[in-house]
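Containing mmCIF, C-alpha atoms and all ligand atoms: run.cif.
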```
data_run
#
loop_
_atom_site.label_atom_id
_atom_site.label_comp_id
_atom_site.auth_asym_id
_atom_site.auth_seq_id
_atom_site.Cartn_x
_atom_site.Cartn_y
_atom_site.Cartn_z
CA MET A 1 -25.58 -4.12 -51.06
CA THR A 2 -27.28 -7.23 -49.79
CA LEU A 3 -27.38 -7.45 -46.02
CA ILE A 4 -25.30 -10.14 -44.34
CA ILE A 5 -26.27 -12.05 -41.22
CA GLY A 6 -23.41 -13.80 -39.44
CA ILE A 7 -24.20 -17.04 -37.61
CA VAL A 8 -22.19 -17.38 -34.41
CA GLY A 9 -22.05 -19.82 -31.52
CA LYS A 10 -19.81 -22.37 -29.87
CA PRO A 11 -18.79 -25.52 -31.79
CA SER A 12 -21.61 -27.99 -32.59
CA SER A 13 -24.45 -25.65 -31.60
CA GLY A 14 -25.98 -26.06 -35.09
CA LYS A 15 -24.70 -23.06 -37.08
CA SER A 16 -24.08 -24.96 -40.32
CA THR A 17 -27.40 -26.77 -39.95
CA PHE A 18 -29.06 -23.36 -39.61
CA LEU A 19 -27.30 -22.19 -42.80
CA ASN A 20 -28.35 -25.35 -44.66
CA ALA A 21 -31.94 -24.92 -43.47
CA ALA A 22 -32.09 -21.24 -44.40
CA CYS A 23 -30.27 -21.48 -47.73
CA LEU A 24 -30.75 -25.11 -48.80
CA THR A 25 -26.99 -25.41 -49.02
CA ASP A 26 -25.15 -28.65 -48.46
CA VAL A 27 -22.48 -27.61 -46.02
CA LYS A 28 -20.85 -30.33 -43.91
CA VAL A 29 -22.51 -30.90 -40.56
CA SER A 30 -21.37 -33.27 -37.80
CA GLU A 31 -21.45 -33.71 -34.03
CA LEU A 32 -17.67 -33.25 -33.89
CA PRO A 33 -16.56 -29.76 -32.76
CA PHE A 34 -14.87 -27.52 -35.35
CA THR A 35 -16.50 -29.18 -38.33
CA THR A 36 -16.55 -25.79 -40.04
CA ILE A 37 -13.17 -24.16 -40.55
CA ASP A 38 -13.62 -21.90 -43.56
CA ALA A 39 -16.69 -19.68 -43.52
CA ASN A 40 -19.68 -20.75 -45.67
CA LYS A 41 -21.98 -18.30 -47.38
CA GLY A 42 -25.53 -18.76 -48.64
CA VAL A 43 -28.51 -16.80 -49.84
CA THR A 44 -31.80 -16.86 -48.00
CA TYR A 45 -34.88 -14.65 -47.77
CA VAL A 46 -36.71 -12.58 -45.23
CA LYS A 47 -40.46 -13.00 -45.44
CA THR A 48 -42.89 -10.11 -45.24
CA GLU A 49 -46.51 -9.53 -46.23
CA CYS A 50 -46.38 -8.18 -49.77
CA VAL A 51 -48.25 -4.95 -50.57
CA CYS A 52 -49.82 -6.73 -53.58
CA LYS A 53 -52.52 -8.05 -51.21
CA GLU A 54 -53.50 -4.60 -49.96
CA LEU A 55 -53.39 -3.08 -53.47
CA ASN A 56 -55.19 -6.08 -54.92
CA VAL A 57 -52.81 -6.44 -57.88
CA LYS A 58 -50.98 -9.37 -59.43
CA ASP A 59 -47.26 -8.62 -59.19
CA ASN A 60 -44.21 -9.73 -61.24
CA PRO A 61 -41.29 -9.51 -58.82
CA LYS A 62 -37.78 -9.12 -60.22
CA ASN A 63 -35.40 -8.73 -57.28
CA SER A 64 -37.45 -10.89 -54.89
CA GLN A 65 -40.20 -13.52 -54.93
CA CYS A 66 -43.88 -13.38 -54.06
CA ILE A 67 -45.41 -16.64 -52.81
CA GLU A 68 -49.09 -16.61 -51.85
CA GLY A 69 -48.94 -12.92 -50.96
CA PHE A 70 -45.66 -13.08 -49.04
CA ARG A 71 -42.57 -11.30 -50.36
CA PHE A 72 -39.30 -13.13 -49.93
CA ILE A 73 -36.38 -10.66 -50.08
CA PRO A 74 -32.83 -12.01 -50.49
CA ILE A 75 -30.19 -11.61 -47.80
CA ASN A 76 -26.85 -13.34 -47.26
CA VAL A 77 -26.02 -15.70 -44.43
CA LEU A 78 -22.49 -16.39 -43.26
CA ASP A 79 -21.73 -19.49 -41.21
CA VAL A 80 -18.39 -19.34 -39.43
CA ALA A 81 -16.23 -21.60 -37.29
CA GLY A 82 -17.27 -22.29 -33.70
CA LEU A 83 -16.17 -19.82 -31.06
CA VAL A 84 -14.71 -20.85 -27.70
CA PRO A 85 -13.77 -18.78 -24.62
CA ASP A 86 -10.60 -16.73 -25.23
CA ALA A 87 -11.05 -16.90 -29.00
CA HIS A 88 -10.01 -13.23 -29.19
CA ARG A 89 -6.65 -14.33 -27.81
CA GLY A 90 -6.41 -16.99 -30.50
CA LYS A 91 -7.99 -20.01 -28.71
CA GLY A 92 -9.72 -22.56 -30.95
CA LEU A 93 -9.85 -21.06 -34.41
CA GLY A 94 -9.84 -17.67 -32.69
CA ASN A 95 -9.13 -14.59 -34.70
CA LYS A 96 -9.66 -16.22 -38.05
CA PHE A 97 -13.27 -16.84 -37.13
CA LEU A 98 -13.71 -13.31 -35.89
CA ASN A 99 -12.23 -11.72 -38.98
CA ASP A 100 -14.66 -13.67 -41.15
CA LEU A 101 -17.45 -11.79 -39.38
CA GLY A 102 -16.19 -8.36 -40.39
CA HIS A 103 -18.78 -7.86 -43.10
CA ALA A 104 -21.82 -8.99 -41.13
CA ASP A 105 -24.55 -6.43 -40.47
CA ALA A 106 -26.15 -8.39 -37.62
CA LEU A 107 -25.45 -11.65 -35.83
CA ILE A 108 -27.60 -14.62 -34.94
CA HIS A 109 -26.25 -16.54 -31.96
CA VAL A 110 -27.25 -20.20 -32.36
CA LEU A 111 -27.41 -21.63 -28.83
CA ASP A 112 -27.60 -25.30 -27.88
CA ILE A 113 -30.67 -25.09 -25.63
CA THR A 114 -30.34 -28.73 -24.53
CA GLY A 115 -27.36 -27.78 -22.36
CA SER A 116 -25.57 -30.97 -23.39
CA LEU A 117 -22.38 -29.47 -24.80
CA ASP A 118 -19.63 -27.73 -22.86
CA LYS A 119 -18.16 -24.41 -24.04
CA THR A 120 -15.90 -26.18 -26.52
CA GLY A 121 -18.69 -28.28 -28.02
CA LYS A 122 -17.83 -31.53 -26.19
CA PRO A 123 -20.80 -33.61 -24.97
CA VAL A 124 -21.75 -33.39 -21.29
CA SER A 125 -24.87 -34.81 -19.62
CA SER A 126 -28.00 -33.00 -20.74
CA GLY A 127 -28.67 -29.78 -18.82
CA ARG A 128 -25.16 -29.53 -17.35
CA ASN A 129 -24.26 -26.53 -19.45
CA ASP A 130 -26.13 -23.28 -18.81
CA PRO A 131 -26.98 -21.63 -22.17
CA TYR A 132 -27.05 -18.24 -20.44
CA GLU A 133 -23.32 -18.57 -19.77
CA ASP A 134 -22.83 -19.20 -23.50
CA ILE A 135 -24.51 -15.87 -24.24
CA ILE A 136 -22.21 -14.09 -21.79
CA PHE A 137 -18.96 -15.64 -23.02
CA LEU A 138 -19.77 -15.24 -26.69
CA GLU A 139 -20.73 -11.57 -26.38
CA HIS A 140 -17.58 -10.97 -24.36
CA GLU A 141 -15.41 -12.52 -27.06
CA ILE A 142 -16.93 -10.41 -29.79
CA ASN A 143 -16.69 -7.24 -27.69
CA MET A 144 -13.04 -8.00 -26.97
CA TRP A 145 -12.38 -8.56 -30.67
CA TYR A 146 -13.62 -4.99 -31.24
CA ARG A 147 -11.46 -3.73 -28.40
CA ASP A 148 -8.37 -5.33 -29.89
CA ILE A 149 -9.05 -3.72 -33.26
CA ILE A 150 -9.29 -0.30 -31.63
CA ASN A 151 -6.28 -0.84 -29.41
CA ARG A 152 -3.32 -1.98 -31.49
CA GLU A 153 -1.26 -2.24 -28.34
CA ASP A 154 -0.57 1.48 -28.68
CA TRP A 155 -3.38 2.78 -26.53
CA ASN A 156 -1.31 5.18 -24.44
CA LYS A 157 0.31 6.71 -27.51
CA PHE A 158 -3.09 6.81 -29.21
CA LYS A 159 -4.57 8.72 -26.26
CA ARG A 160 -1.72 11.24 -26.24
CA THR A 161 -1.95 11.80 -29.99
CA PHE A 162 -5.70 12.35 -30.15
CA ALA A 163 -6.53 13.89 -26.76
CA GLY A 164 -8.46 17.13 -27.32
CA LYS A 165 -8.82 16.41 -31.07
CA LYS A 166 -12.25 14.82 -31.25
CA LYS A 167 -12.63 14.96 -35.01
CA GLU A 168 -9.25 13.36 -35.68
CA PHE A 169 -9.93 10.79 -32.95
CA ILE A 170 -13.18 9.72 -34.64
CA GLU A 171 -11.45 9.60 -38.05
CA GLU A 172 -8.67 7.41 -36.66
CA LEU A 173 -11.21 5.05 -35.06
CA TYR A 174 -13.11 4.94 -38.33
CA LYS A 175 -9.91 4.00 -40.16
CA ARG A 176 -9.00 1.28 -37.69
CA LEU A 177 -12.50 -0.19 -37.83
CA SER A 178 -13.00 0.06 -41.59
CA GLY A 179 -12.39 -3.70 -42.03
CA ILE A 180 -15.43 -4.54 -39.93
CA LYS A 181 -17.97 -2.29 -41.64
CA ILE A 182 -18.36 0.41 -38.99
CA LYS A 183 -19.95 3.73 -39.94
CA ARG A 184 -18.88 7.11 -38.54
CA GLU A 185 -22.41 7.65 -37.16
CA GLN A 186 -22.11 4.40 -35.21
CA ILE A 187 -18.85 5.56 -33.60
CA ILE A 188 -20.45 8.88 -32.67
CA ALA A 189 -23.57 7.17 -31.28
CA SER A 190 -21.45 4.75 -29.22
CA LEU A 191 -19.44 7.60 -27.72
CA LYS A 192 -22.70 9.28 -26.70
CA GLN A 193 -24.35 6.15 -25.36
CA SER A 194 -21.32 5.22 -23.30
CA GLU A 195 -21.23 8.83 -22.02
CA LEU A 196 -17.63 9.18 -23.11
CA ASP A 197 -18.11 11.83 -25.77
CA ASN A 198 -17.19 14.63 -23.40
CA LYS A 199 -14.57 12.80 -21.38
CA ASN A 200 -10.97 13.81 -22.04
CA LEU A 201 -9.37 10.94 -23.96
CA ASN A 202 -6.26 11.24 -21.77
CA THR A 203 -8.33 10.17 -18.78
CA TRP A 204 -9.95 7.12 -20.44
CA ASP A 205 -9.05 4.03 -18.44
CA ASP A 206 -9.23 0.37 -19.38
CA ASN A 207 -12.88 0.11 -18.36
CA ASP A 208 -13.80 3.07 -20.56
CA LEU A 209 -12.23 1.43 -23.59
CA THR A 210 -13.96 -1.89 -22.84
CA PHE A 211 -17.32 -0.17 -22.32
CA PHE A 212 -17.00 1.83 -25.52
CA SER A 213 -16.07 -1.33 -27.49
CA LYS A 214 -19.12 -3.11 -26.09
CA LYS A 215 -21.47 -0.25 -27.03
CA LEU A 216 -20.02 -0.04 -30.52
CA ARG A 217 -20.46 -3.79 -30.99
CA GLU A 218 -24.07 -3.60 -29.78
CA ILE A 219 -24.85 -0.81 -32.23
CA SER A 220 -22.94 -2.13 -35.25
CA LYS A 221 -23.37 -5.91 -34.93
CA PRO A 222 -26.39 -6.54 -32.72
CA ILE A 223 -26.97 -10.16 -31.70
CA LEU A 224 -30.23 -12.12 -31.79
CA ILE A 225 -30.45 -15.22 -29.59
CA VAL A 226 -31.78 -18.41 -31.17
CA ALA A 227 -32.46 -21.38 -28.86
CA ASN A 228 -31.68 -24.28 -31.19
CA LYS A 229 -32.45 -28.03 -31.01
CA ILE A 230 -35.90 -27.60 -29.40
CA ASP A 231 -36.97 -30.78 -31.22
CA LYS A 232 -34.79 -32.81 -28.86
CA ASP A 233 -36.23 -34.49 -25.84
CA ILE A 234 -35.20 -31.82 -23.37
CA ASP A 235 -36.25 -30.41 -20.08
CA ALA A 236 -38.91 -27.80 -20.92
CA GLU A 237 -37.48 -25.72 -18.10
CA ASN A 238 -34.29 -25.02 -20.10
CA LEU A 239 -36.03 -22.40 -22.22
CA ASN A 240 -37.96 -20.93 -19.28
CA ASN A 241 -34.82 -20.65 -17.18
CA LEU A 242 -33.04 -18.87 -19.99
CA LYS A 243 -35.96 -16.47 -20.39
CA LYS A 244 -35.73 -15.63 -16.69
CA LYS A 245 -32.04 -14.80 -16.95
CA TYR A 246 -31.87 -13.10 -20.34
CA ASP A 247 -34.28 -10.24 -20.94
CA GLY A 248 -33.84 -9.85 -24.73
CA PRO A 249 -35.81 -11.76 -27.36
CA ILE A 250 -35.12 -15.50 -27.67
CA ILE A 251 -36.37 -17.41 -30.73
CA PRO A 252 -37.01 -21.14 -30.11
CA CYS A 253 -35.75 -23.06 -33.13
CA SER A 254 -35.10 -26.40 -34.74
CA ALA A 255 -32.71 -25.89 -37.61
CA LEU A 256 -32.82 -29.62 -38.25
CA ALA A 257 -36.63 -29.70 -38.69
CA GLU A 258 -36.56 -26.67 -40.99
CA HIS A 259 -33.90 -28.32 -43.13
CA ILE A 260 -36.02 -31.47 -43.42
CA LEU A 261 -39.15 -29.49 -44.37
CA ARG A 262 -37.39 -27.41 -47.01
CA LYS A 263 -35.68 -30.44 -48.51
CA TYR A 264 -38.96 -32.36 -48.74
CA HIS A 265 -40.64 -29.34 -50.27
CA GLU A 266 -37.87 -29.14 -52.89
CA LYS A 267 -38.41 -32.84 -53.70
CA GLN A 268 -42.19 -32.23 -53.94
CA VAL A 269 -42.93 -34.55 -51.06
CA ILE A 270 -44.82 -31.76 -49.25
CA ASP A 271 -45.94 -28.15 -49.86
CA TYR A 272 -44.19 -25.99 -47.32
CA ILE A 273 -43.77 -22.23 -47.21
CA PRO A 274 -40.84 -21.29 -44.94
CA GLY A 275 -42.04 -19.84 -41.66
CA SER A 276 -45.46 -21.52 -41.76
CA ASN A 277 -47.10 -23.33 -38.89
CA GLY A 278 -47.75 -26.37 -41.08
CA PHE A 279 -47.34 -28.05 -44.47
CA ARG A 280 -49.76 -29.65 -46.92
CA ASN A 281 -50.13 -32.85 -48.91
CA ILE A 282 -47.64 -35.47 -47.78
CA ASN A 283 -46.90 -37.50 -50.92
CA GLU A 284 -46.48 -40.81 -49.15
CA ASN A 285 -45.46 -42.64 -52.35
CA LEU A 286 -42.15 -40.77 -52.46
CA ILE A 287 -40.93 -41.55 -48.94
CA SER A 288 -40.73 -44.42 -46.45
CA THR A 289 -43.15 -44.95 -43.56
CA LYS A 290 -40.40 -43.87 -41.16
CA GLU A 291 -40.01 -40.57 -43.02
CA VAL A 292 -43.78 -40.05 -42.92
CA GLU A 293 -43.61 -40.57 -39.15
CA THR A 294 -40.79 -37.98 -38.85
CA LEU A 295 -42.87 -35.44 -40.76
CA LYS A 296 -45.92 -36.10 -38.60
CA LYS A 297 -43.82 -35.73 -35.46
CA ILE A 298 -42.48 -32.37 -36.68
CA LYS A 299 -46.09 -31.24 -37.09
CA THR A 300 -47.41 -32.44 -33.72
CA ASP A 301 -44.39 -31.88 -31.45
CA LEU A 302 -42.90 -28.79 -33.01
CA LEU A 303 -45.08 -26.75 -35.36
CA ASN A 304 -48.22 -27.19 -33.24
CA VAL A 305 -46.34 -26.28 -30.06
CA PHE A 306 -44.05 -23.44 -31.20
CA GLY A 307 -45.96 -22.14 -34.25
CA SER A 308 -42.99 -22.62 -36.62
CA THR A 309 -39.50 -24.12 -36.71
CA GLY A 310 -38.11 -20.69 -35.81
CA VAL A 311 -35.58 -20.35 -38.68
CA GLN A 312 -37.64 -17.91 -40.76
CA GLU A 313 -38.77 -16.12 -37.62
CA ALA A 314 -35.15 -15.66 -36.55
CA LEU A 315 -34.13 -14.26 -39.94
CA ASN A 316 -37.09 -11.87 -39.97
CA HIS A 317 -36.47 -10.78 -36.42
CA ALA A 318 -32.77 -10.18 -37.13
CA ILE A 319 -33.52 -8.01 -40.15
CA PHE A 320 -36.69 -6.15 -39.17
CA LYS A 321 -36.31 -5.83 -35.38
CA VAL A 322 -32.63 -6.14 -34.57
CA SER A 323 -31.27 -4.39 -37.69
CA ASN A 324 -34.26 -2.01 -37.98
CA GLN A 325 -34.86 -2.51 -41.68
CA ILE A 326 -38.03 -1.50 -43.53
CA CYS A 327 -39.32 -2.38 -47.03
CA VAL A 328 -39.65 0.18 -49.83
CA TYR A 329 -41.11 -0.48 -53.31
CA PRO A 330 -39.97 1.89 -56.09
CA VAL A 331 -42.31 2.11 -59.14
CA SER A 332 -42.46 4.19 -62.35
CA ASP A 333 -46.23 4.40 -62.56
CA THR A 334 -48.39 5.09 -59.51
CA LYS A 335 -51.61 3.86 -61.14
CA SER A 336 -50.47 0.38 -62.15
CA PHE A 337 -47.57 0.25 -59.61
CA SER A 338 -45.32 -0.98 -62.40
CA ASP A 339 -41.89 -0.21 -63.83
CA ASN A 340 -41.26 0.92 -67.42
CA ASN A 341 -41.64 -2.66 -68.66
CA ASN A 342 -45.08 -3.18 -67.09
CA ASN A 343 -43.72 -5.32 -64.27
CA VAL A 344 -46.01 -4.74 -61.31
CA LEU A 345 -44.18 -4.07 -58.00
CA PRO A 346 -40.94 -5.39 -59.54
CA ASP A 347 -38.55 -4.53 -56.72
CA VAL A 348 -38.54 -4.14 -53.00
CA PHE A 349 -35.53 -2.87 -51.07
CA LEU A 350 -34.54 -3.21 -47.45
CA VAL A 351 -33.43 0.13 -46.00
CA ASN A 352 -32.65 1.41 -42.51
CA LYS A 353 -35.55 2.87 -40.59
CA GLY A 354 -35.15 6.66 -40.74
CA THR A 355 -33.71 6.74 -44.29
CA PHE A 356 -34.37 9.92 -46.30
CA LEU A 357 -35.96 9.53 -49.72
CA ILE A 358 -32.96 11.11 -51.47
CA ASP A 359 -30.52 8.67 -49.82
CA PHE A 360 -32.71 5.75 -50.82
CA VAL A 361 -32.69 6.97 -54.44
CA ARG A 362 -28.91 7.43 -54.42
CA GLU A 363 -28.03 4.17 -52.73
CA LYS A 364 -30.67 1.77 -54.05
CA ILE A 365 -31.80 3.11 -57.43
CA HIS A 366 -29.22 5.29 -59.19
CA SER A 367 -26.89 8.13 -58.20
CA ASP A 368 -27.81 9.96 -61.44
CA LEU A 369 -31.47 9.88 -60.51
CA ALA A 370 -30.57 11.36 -57.12
CA LYS A 371 -28.53 14.13 -58.78
CA HIS A 372 -31.47 15.17 -60.96
CA PHE A 373 -34.15 14.47 -58.35
CA ILE A 374 -37.13 16.84 -58.45
CA PHE A 375 -39.63 15.13 -56.14
CA GLY A 376 -41.10 11.78 -55.21
CA ILE A 377 -44.74 10.67 -55.34
CA ASP A 378 -46.40 8.52 -52.72
CA GLY A 379 -47.93 5.54 -54.58
CA ARG A 380 -50.94 5.38 -52.28
CA THR A 381 -51.91 9.02 -51.66
CA LYS A 382 -50.29 10.39 -54.90
CA LYS A 383 -48.92 13.23 -52.76
CA ARG A 384 -45.52 14.80 -53.46
CA LEU A 385 -42.58 13.82 -51.29
CA GLY A 386 -39.51 15.99 -50.76
CA GLU A 387 -35.94 14.70 -50.64
CA ASN A 388 -35.94 14.75 -46.84
CA TYR A 389 -39.09 12.67 -46.59
CA ILE A 390 -38.41 9.85 -44.10
CA LEU A 391 -39.44 6.55 -45.63
CA LYS A 392 -41.97 4.30 -43.89
CA HIS A 393 -42.30 0.52 -43.98
CA ASN A 394 -44.02 -0.64 -47.20
CA ASP A 395 -43.87 2.77 -48.87
CA ILE A 396 -44.42 2.71 -52.63
CA VAL A 397 -42.61 5.59 -54.30
CA LYS A 398 -42.21 7.04 -57.77
CA ILE A 399 -39.27 9.34 -58.44
CA VAL A 400 -39.56 12.30 -60.78
CA SER A 401 -36.23 13.60 -62.02
CA ALA A 402 -34.98 16.22 -64.48
CA LYS A 403 -33.45 13.59 -66.76
N1 LIG B 501 -31.79 -32.48 -32.90
C1 LIG B 501 -31.18 -31.47 -33.51
N2 LIG B 501 -29.89 -31.57 -33.85
C2 LIG B 501 -29.31 -30.52 -34.46
C3 LIG B 501 -30.01 -29.32 -34.75
N3 LIG B 501 -29.15 -28.47 -35.36
C4 LIG B 501 -27.98 -29.13 -35.45
N4 LIG B 501 -28.07 -30.36 -34.92
C5 LIG B 501 -27.00 -31.37 -34.82
O1 LIG B 501 -25.92 -30.84 -34.06
C6 LIG B 501 -24.66 -31.30 -34.57
C7 LIG B 501 -23.78 -30.11 -34.92
O2 LIG B 501 -24.36 -29.40 -36.00
P1 LIG B 501 -23.53 -28.42 -36.94
O3 LIG B 501 -24.53 -27.71 -37.79
O4 LIG B 501 -22.42 -29.12 -37.61
O5 LIG B 501 -22.95 -27.43 -35.83
P2 LIG B 501 -21.96 -26.18 -36.01
O6 LIG B 501 -22.38 -25.19 -35.00
O7 LIG B 501 -21.90 -25.76 -37.43
O8 LIG B 501 -20.58 -26.84 -35.54
P3 LIG B 501 -19.05 -26.38 -35.90
O9 LIG B 501 -18.93 -26.16 -37.36
O10 LIG B 501 -18.25 -27.54 -35.42
O11 LIG B 501 -18.80 -25.15 -35.08
C8 LIG B 501 -25.00 -32.17 -35.79
O12 LIG B 501 -25.00 -33.51 -35.36
C9 LIG B 501 -26.40 -31.72 -36.19
O13 LIG B 501 -27.15 -32.71 -36.82
C10 LIG B 501 -31.39 -29.25 -34.38
O14 LIG B 501 -32.09 -28.26 -34.59
N5 LIG B 501 -31.91 -30.34 -33.76
MG MG B 502 -20.34 -25.67 -38.74
#
```
So, in terms of structure tokens, how does the structure I just supplied come out?
Ligand SMILES: Nc1nc2c(ncn2[C@@H]2O[C@H](COP(=O)(O)OP(=O)(O)OP(=O)(O)O)[C@@H](O)[C@H]2O)c(=O)[nH]1
Ligand SMILES: [Mg+2]
Amino acid sequence: MTLIIGIVGKPSSGKSTFLNAACLTDVKVSELPFTTIDANKGVTYVKTECVCKELNVKDNPKNSQCIEGFRFIPINVLDVAGLVPDAHRGKGLGNKFLNDLGHADALIHVLDITGSLDKTGKPVSSGRNDPYEDIIFLEHEINMWYRDIINREDWNKFKRTFAGKKKEFIEELYKRLSGIKIKREQIIASLKQSELDNKNLNTWDDNDLTFFSKKLREISKPILIVANKIDKDIDAENLNNLKKKYDGPIIPCSALAEHILRKYHEKQVIDYIPGSNGFRNINENLISTKEVETLKKIKTDLLNVFGSTGVQEALNHAIFKVSNQICVYPVSDTKSFSDNNNNVLPDVFLVNKGTFLIDFVREKIHSDLAKHFIFGIDGRTKKRLGENYILKHNDIVKIVSAK
């Protein structure tokens, strides 16, 4: 299953622009709040150094692309309606928005770093809104959405029914949360991390339920903060102030600039590889002098200052750091690193860090191959790998099976 990143944020923060930039879609964008009502989906790619460089081979990718030694691996992006305070109680587009996020594996929170929109997306004078407060309210809304899914207004009855029956309690939670892609292990880990696993359910109070919901949200739908609209003429202190208040990673970003660069690349006006710190060969015959100026400004004011537009960096960070994914290349031949049709390094899969070889075979290659699994072979060292071998980033593996 392809991973899904949900794009969240208050109205007009730039979510749809981020989707358009990442996926080259043509979703409607405007400065009016609640432009997006129905969720939009697109396909984009995470970018990673391909192992073809290290192995010194020419590859023929099938499930991904290799551009100048970088592998681009497909993922899905979901852009949803803007979220306002009290959305979990139905404010704005409220619950509809939240339910659209059920299938997301991780979230990117697109913040308006200029501070010129209030919490409902209405313009205020630049810097009046504190982006840190947006982080707080948005996380609260999503945590409360989880809480409401767990507590179907029957919490006291729920506690009485499942007190002292831990296994049944976890099963019931799993059932209630099945619509939002929660795994049993994540429920168990959240109980541990919130130190509630040994507390009698009968004695859980409101705070316990809220704390557990928050932990479960953090584990199952972690959020990466993206400070959008850095191309705007803003107070440089905005980003620094946010960094002082928020201690997690913050990716500076201009979704608008990335969209421009990708569109011009598509039209062969420039050569641009997403995530780069520059572009090559402006074909000045195809565009106006004003457009040439815009491109030059993106280079001097943005790429030279921040190193990239931030869109690709945000996607990579969300998948590799926040969602803890690693890359694994299955092959049929460990000399040529090819499949049975002589395609060199045809596929690469994203899997959770800590995945066992046998689970990778079952989930990503074929359940039959897993059933008849004998051993794996490490493509680099040619050593045998058992079914409980824990995969590492950029592993190349051959599977030997009885069939
Ligand atoms: N300067 C600048 N403007 C941006 C950027 N990203 C988005 N915008 C502008 O911000 C406004 C809102 O953008 P949208 O992408 O529609 O915002 P949204 O978050 O999808 O809004 P809703 O669908 O209403 O929730 C538009 O006028 C965009 O052109 C950016 O990186 N830089
Ligand atoms: Mg939108």
Calculated over all atoms listed in the file, which of the candidates A:Val344, A:Ile251, A:Ile282, A:Leu98 has the smallest distance to Asn143 of chain A?
A:Leu98
So how far away is atom CA of Thr36 of chain A from atom CA of Ile7 of chain A, in Å?
11.9 Å
As a compact mmCIF listing (two decimals) with C-alpha atoms, in the frame of the given file, please: every protein or nucleic acid residue near ligand LIG 501 (chain B) (cut-off 7 Å, counting all atoms listed in the file).
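For reference, selection38.txt as written:
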```
# COMPACT_ATOMS: atom_id res chain seq x y z
CA GLY A 9 -22.05 -19.82 -31.52
CA LYS A 10 -19.81 -22.37 -29.87
CA PRO A 11 -18.79 -25.52 -31.79
CA SER A 12 -21.61 -27.99 -32.59
CA SER A 13 -24.45 -25.65 -31.60
CA GLY A 14 -25.98 -26.06 -35.09
CA LYS A 15 -24.70 -23.06 -37.08
CA SER A 16 -24.08 -24.96 -40.32
CA THR A 17 -27.40 -26.77 -39.95
CA PHE A 18 -29.06 -23.36 -39.61
CA LYS A 28 -20.85 -30.33 -43.91
CA VAL A 29 -22.51 -30.90 -40.56
CA SER A 30 -21.37 -33.27 -37.80
CA GLU A 31 -21.45 -33.71 -34.03
CA LEU A 32 -17.67 -33.25 -33.89
CA PRO A 33 -16.56 -29.76 -32.76
CA PHE A 34 -14.87 -27.52 -35.35
CA THR A 35 -16.50 -29.18 -38.33
CA THR A 36 -16.55 -25.79 -40.04
CA ILE A 37 -13.17 -24.16 -40.55
CA ALA A 81 -16.23 -21.60 -37.29
CA GLY A 82 -17.27 -22.29 -33.70
CA ASN A 228 -31.68 -24.28 -31.19
CA LYS A 229 -32.45 -28.03 -31.01
CA ILE A 230 -35.90 -27.60 -29.40
CA ASP A 231 -36.97 -30.78 -31.22
CA LYS A 232 -34.79 -32.81 -28.86
CA CYS A 253 -35.75 -23.06 -33.13
CA SER A 254 -35.10 -26.40 -34.74
CA ALA A 255 -32.71 -25.89 -37.61
CA LEU A 256 -32.82 -29.62 -38.25
CA ALA A 257 -36.63 -29.70 -38.69
```
Using all atoms listed in the file: which of A:Cys23, A:Leu83, A:Leu209, A:Leu107 has the shortest distance to ligand MG 502 (chain B):
A:Leu83
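Atom CA of Ser308 of chain A lies 5.8 Å from atom CA of Gly275 of chain A.
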Here is a test: counting only C-alpha atoms, which residue of A:Gly69, A:Gly278, A:Gly127, A:Pro74 is nearest to Ile4 of chain A?
A:Pro74
